[in-house]
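Below: the structure, in structure tokens.
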Amino acid sequence: MTSPRPPLAGVRIIECSLLGPAAITTHLADLGAEVVKVESPTGDYVREMTWPIVEGTSLMHLHINRGKRSIVLDLKSEPGAETFRELVRSADAVVEAMRPGVLDKLGLGYERLLEVNPRIVFCTISGYGMTGPYKNLPSHGIAYDTWAGIVDPAYDEDGFCYIPDHVSIGINAAPLYGALGILAGILRARDTGEGCRMELAQSDAAAAFDWYRSETYKAYERPESEVTGNKSDNYERRAPGIAGMRGGVRYQLYESADGHVLFMASEQVFWKNFCQGVDRMDLFERWPGSQYADHARHNRELQAELREIFKSKTSAEWIAFADEHNTTIAPVNTPQTIAQDPQFQDRLGWIPREVLGAEELPFPVKLVGEELPVPTRAPELGEHSDQVLRELLGYDDERIAALRAAGAFGS
């Protein structure tokens with residue numbers, strides 16, 4: 001059943017954002033928070049940015065601004081700034097999702113808003129954060145991943161360097177960390193009556209998300225008497241457990257009859273179950289390996305055997321085999337094929353285009369026994385200006401008209 005009261009009902013966030021950082025409140029809106037996106041008279045040009053453009057509007061806008069309401073205010077005008085302060089008075093949080101200090105320059109920074117609402121949580125999300133030598137560098141999303149060491153440069157057949165296909169980490173991880181921080185700040189403010197200011201960088205988030213690799217290399221700066229590899233490789237390998245898998249054999253990608261699967265029998269019990277299941281106990285008897293974390297690295301003879309074995313079944317047949325024999329085999333999908341995967345169809349699926357303007361993935365956390373409300377479509381510029389002023393501030397038509405005449409919504 002649909003929950004009559006979503007988990008974040010009663011949480012109100014005033015957001016000033018441009019482009020991707022607006023995703024910091026998307027998940028909060030999905031969970032029922034009221035998010036009011038305050039836009040300048042020219043609006044957030046995210047509606048025209050990047051690919052694809054769906055019936056005239058970018059998918060990025062449709063996704064990251066879903067569930068929000070848009071109000072236009074010219075914050076450079078005193079009537080617009082005063083209306084903004086009025087909105088903040090009843091809010092839990094203000095989000096500055098653009099270059100740090102923009103609101104402060106307009107006289108609407110944390111210290112000023114604290115006078116209006118002592119419980120306000122003020123969060124700034126930006127590229128490189130408010131401090132450090134890179135704080136003023138203009139950048140785009142991939143910059144935070146190259147900075148964090150996540151994207152490896154690739155070279156084409158002519159020797160030119162290029163950006164390879166990759167998953168964007170910083171622009172996706174930072175909103176999650178930020179949403180968690182905002183909620184923590186709100187909980188404390190409701191308990192103590194005291195607000196706070198927080199800020200985060202998408203670059204920091206990318207590095208934090210990839211903590212295992214960077215912390216591993218840092219640990220290996222210590223002498224071998226203190227930090228070693230794993231006993232399965234005679235303690236020699238001084239690299240992260242998930243890095244440099246080219247030599248793996250029992251932990252490797254293999255071609256199936258119709259695609260690929262991922263084999264992950266690094267534990268001896270799963271390796272034994274696999275060998276029993278394919279009636280090849282001779283492989284286990286010859287190469288039993290160690291109990292844990294054994295990838296049979298560089299064992300080309302075994303790899304050749306496994307290559308032929310995996311070609312004998314389709315990917316779906318191997319997944320069924322793994323379920324039946326309690327061994328570790330996973331599907332290998334692409335961003336284009338994942339929607340056909342039965343696990344995807346069972347757990348995620350799509351919010352239909354008729355609702356949001358494009359097919360979009362839902363919020364992945366599930367409430368057992370109830371359903372989160374379906375988010376509303378991302379707003380047109382200023383679509384809810386009058387509605388927000390009436391509902392949140394109690395303004396009547398006469399006052400709204402006066403504000404419009406005074407330039408609060410722009411010329």
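By order of appearance in the structure tokens: chains A, B, ..., then residues from 1 within every chain, and ligands from 1 in the order shown.
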Distance query segment 220-226 of chain A at most 9 Å, only C-alpha atoms, self and fewer than 3 positions along chain excluded, as a list of chain:residue names: A:Glu215, A:Thr216, A:Tyr217, A:Gly229, A:Arg238, A:Ala239
Quick one: everything within 7 Å of Ser312 of chain A, counting only C-alpha atoms, minus sequence neighbours fewer than 2 positions away in the same chain. Send it as a list in words.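 Once the nearby chain positions are removed, what remains is Ser256, Ala257, Glu308, Ile309 and Phe310 of chain A.
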Pull C-alpha atoms from the residues just selected and write them as a PDB file, in the first residue's frame.
```pdb
ATOM      1  CA  SER A 256      29.197 -17.668 -21.983  1.00  0.00           C
ATOM      2  CA  ALA A 257      27.330 -19.101 -24.961  1.00  0.00           C
ATOM      3  CA  GLU A 308      35.768 -23.787 -22.536  1.00  0.00           C
ATOM      4  CA  ILE A 309      33.486 -24.805 -19.668  1.00  0.00           C
ATOM      5  CA  PHE A 310      31.779 -21.408 -19.513  1.00  0.00           C
TER       6      PHE A 310
END
```
Write out as a list in words the residues lying within 7 Å of Gln252 of chain A, counting only C-alpha atoms and excluding same-chain residues fewer than 5 positions away.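 Once the adjacent positions are removed, what remains is Leu262, Phe263 and Met264 of chain A.
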Just list the residues in segment 246-391 of chain A DSSP gives strand (DSSP E or B) on the backbone, as a PyMOL selection string. chain A and resi 251-255+260-264+329-331+351+360+371
Show me, as a ChimeraX atom specification, the residues that have an atom within 10 Å of Thr328 of chain A when counting only C-alpha atoms, minus same-chain residues fewer than 3 positions from it. /A:251,262-267,270-271,273-274,318-319,321-323,325
Could you dump the residues just selected with C-alpha atoms as an mmCIF file, in the first residue's frame?
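As a result, part.cif now contains:
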```cif
data_model
loop_
_atom_site.group_PDB
_atom_site.id
_atom_site.type_symbol
_atom_site.label_atom_id
_atom_site.label_comp_id
_atom_site.auth_asym_id
_atom_site.auth_seq_id
_atom_site.Cartn_x
_atom_site.Cartn_y
_atom_site.Cartn_z
ATOM 1 C CA TYR A 251 37.919 -14.580 -10.026
ATOM 2 C CA LEU A 262 31.562 -13.093 -13.754
ATOM 3 C CA PHE A 263 33.112 -16.040 -11.889
ATOM 4 C CA MET A 264 34.056 -15.272 -8.262
ATOM 5 C CA ALA A 265 35.068 -18.567 -6.641
ATOM 6 C CA SER A 266 37.825 -17.074 -4.509
ATOM 7 C CA GLU A 267 36.598 -19.054 -1.472
ATOM 8 C CA PHE A 270 32.520 -22.100 -3.783
ATOM 9 C CA TRP A 271 35.295 -23.449 -6.016
ATOM 10 C CA ASN A 273 30.831 -26.554 -5.356
ATOM 11 C CA PHE A 274 31.472 -25.350 -8.894
ATOM 12 C CA TRP A 318 24.948 -20.210 -15.529
ATOM 13 C CA ILE A 319 22.984 -18.019 -13.114
ATOM 14 C CA PHE A 321 23.469 -23.226 -12.115
ATOM 15 C CA ALA A 322 24.993 -20.949 -9.459
ATOM 16 C CA ASP A 323 21.711 -20.828 -7.563
ATOM 17 C CA HIS A 325 24.925 -25.420 -6.694
#
```
Could you list, as a CSV table (one decimal) with all heavy atoms, in the first residue's frame, every residue within 10 Å of Glu359 of chain A, counting only C-alpha atoms and ignoring same-chain residues fewer than 4 positions away?
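Final output, saved to out19.csv:
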```
chain,number,residue,atom,x,y,z
A,59,LEU,N,17.2,15.1,-19.9
A,59,LEU,CA,16.9,14.0,-18.9
A,59,LEU,C,17.5,14.4,-17.6
A,59,LEU,O,16.9,14.0,-16.5
A,59,LEU,CB,17.5,12.7,-19.5
A,59,LEU,CG,17.4,11.5,-18.5
A,59,LEU,CD1,15.9,11.2,-18.3
A,59,LEU,CD2,18.1,10.3,-19.1
A,62,LEU,N,15.0,16.4,-15.8
A,62,LEU,CA,13.8,15.6,-15.4
A,62,LEU,C,14.1,14.6,-14.3
A,62,LEU,O,13.2,14.4,-13.5
A,62,LEU,CB,13.4,14.7,-16.7
A,62,LEU,CG,12.8,15.5,-17.8
A,62,LEU,CD1,12.6,14.6,-19.0
A,62,LEU,CD2,11.5,16.2,-17.5
A,63,HIS,N,15.3,14.2,-14.2
A,63,HIS,CA,15.6,13.2,-13.1
A,63,HIS,C,16.0,13.9,-11.8
A,63,HIS,O,15.4,13.7,-10.7
A,63,HIS,CB,16.8,12.3,-13.5
A,63,HIS,CG,17.1,11.3,-12.5
A,63,HIS,ND1,16.7,10.0,-12.6
A,63,HIS,CD2,17.9,11.3,-11.3
A,63,HIS,CE1,17.1,9.3,-11.5
A,63,HIS,NE2,17.8,10.1,-10.8
A,349,GLY,N,12.8,-1.7,-12.0
A,349,GLY,CA,11.8,-1.3,-13.1
A,349,GLY,C,11.9,0.2,-13.3
A,349,GLY,O,12.9,0.9,-12.9
A,350,TRP,N,11.0,0.7,-14.0
A,350,TRP,CA,11.0,2.1,-14.4
A,350,TRP,C,9.8,2.9,-13.9
A,350,TRP,O,8.7,2.3,-13.8
A,350,TRP,CB,11.0,2.2,-16.0
A,350,TRP,CG,12.1,1.6,-16.7
A,350,TRP,CD1,12.0,0.4,-17.3
A,350,TRP,CD2,13.4,2.1,-16.8
A,350,TRP,NE1,13.3,0.1,-17.9
A,350,TRP,CE2,14.1,1.1,-17.6
A,350,TRP,CE3,14.1,3.2,-16.4
A,350,TRP,CZ2,15.5,1.3,-17.9
A,350,TRP,CZ3,15.4,3.4,-16.7
A,350,TRP,CH2,16.1,2.4,-17.5
A,351,ILE,N,10.0,4.1,-13.5
A,351,ILE,CA,8.8,5.0,-13.4
A,351,ILE,C,8.5,5.5,-14.8
A,351,ILE,O,9.4,6.0,-15.5
A,351,ILE,CB,9.2,6.3,-12.5
A,351,ILE,CG1,9.6,5.8,-11.1
A,351,ILE,CG2,8.0,7.2,-12.4
A,351,ILE,CD1,10.1,6.9,-10.3
A,352,PRO,N,7.3,5.3,-15.3
A,352,PRO,CA,7.0,5.5,-16.7
A,352,PRO,C,7.1,7.0,-17.2
A,352,PRO,O,6.9,7.9,-16.4
A,352,PRO,CB,5.5,5.0,-16.8
A,352,PRO,CG,5.0,5.1,-15.5
A,352,PRO,CD,6.1,4.8,-14.5
A,353,ARG,N,7.3,7.1,-18.5
A,353,ARG,CA,7.5,8.4,-19.1
A,353,ARG,C,6.2,9.3,-18.9
A,353,ARG,O,6.3,10.5,-18.9
A,353,ARG,CB,7.8,8.3,-20.5
A,353,ARG,CG,6.7,7.8,-21.4
A,353,ARG,CD,7.1,7.6,-22.9
A,353,ARG,NE,7.9,6.5,-23.1
A,353,ARG,CZ,8.3,6.0,-24.3
A,353,ARG,NH1,7.9,6.7,-25.3
A,353,ARG,NH2,9.1,5.0,-24.4
A,354,GLU,N,5.1,8.6,-18.8
A,354,GLU,CA,3.8,9.4,-18.7
A,354,GLU,C,3.8,10.2,-17.4
A,354,GLU,O,3.1,11.2,-17.2
A,354,GLU,CB,2.6,8.5,-18.8
A,354,GLU,CG,2.4,7.8,-20.1
A,354,GLU,CD,3.3,6.7,-20.4
A,354,GLU,OE1,4.0,6.2,-19.5
A,354,GLU,OE2,3.4,6.3,-21.6
A,355,VAL,N,4.6,9.7,-16.4
A,355,VAL,CA,4.6,10.4,-15.1
A,355,VAL,C,5.7,11.5,-15.0
A,355,VAL,O,5.4,12.6,-14.6
A,355,VAL,CB,4.8,9.3,-14.0
A,355,VAL,CG1,4.9,10.0,-12.6
A,355,VAL,CG2,3.7,8.3,-14.0
```
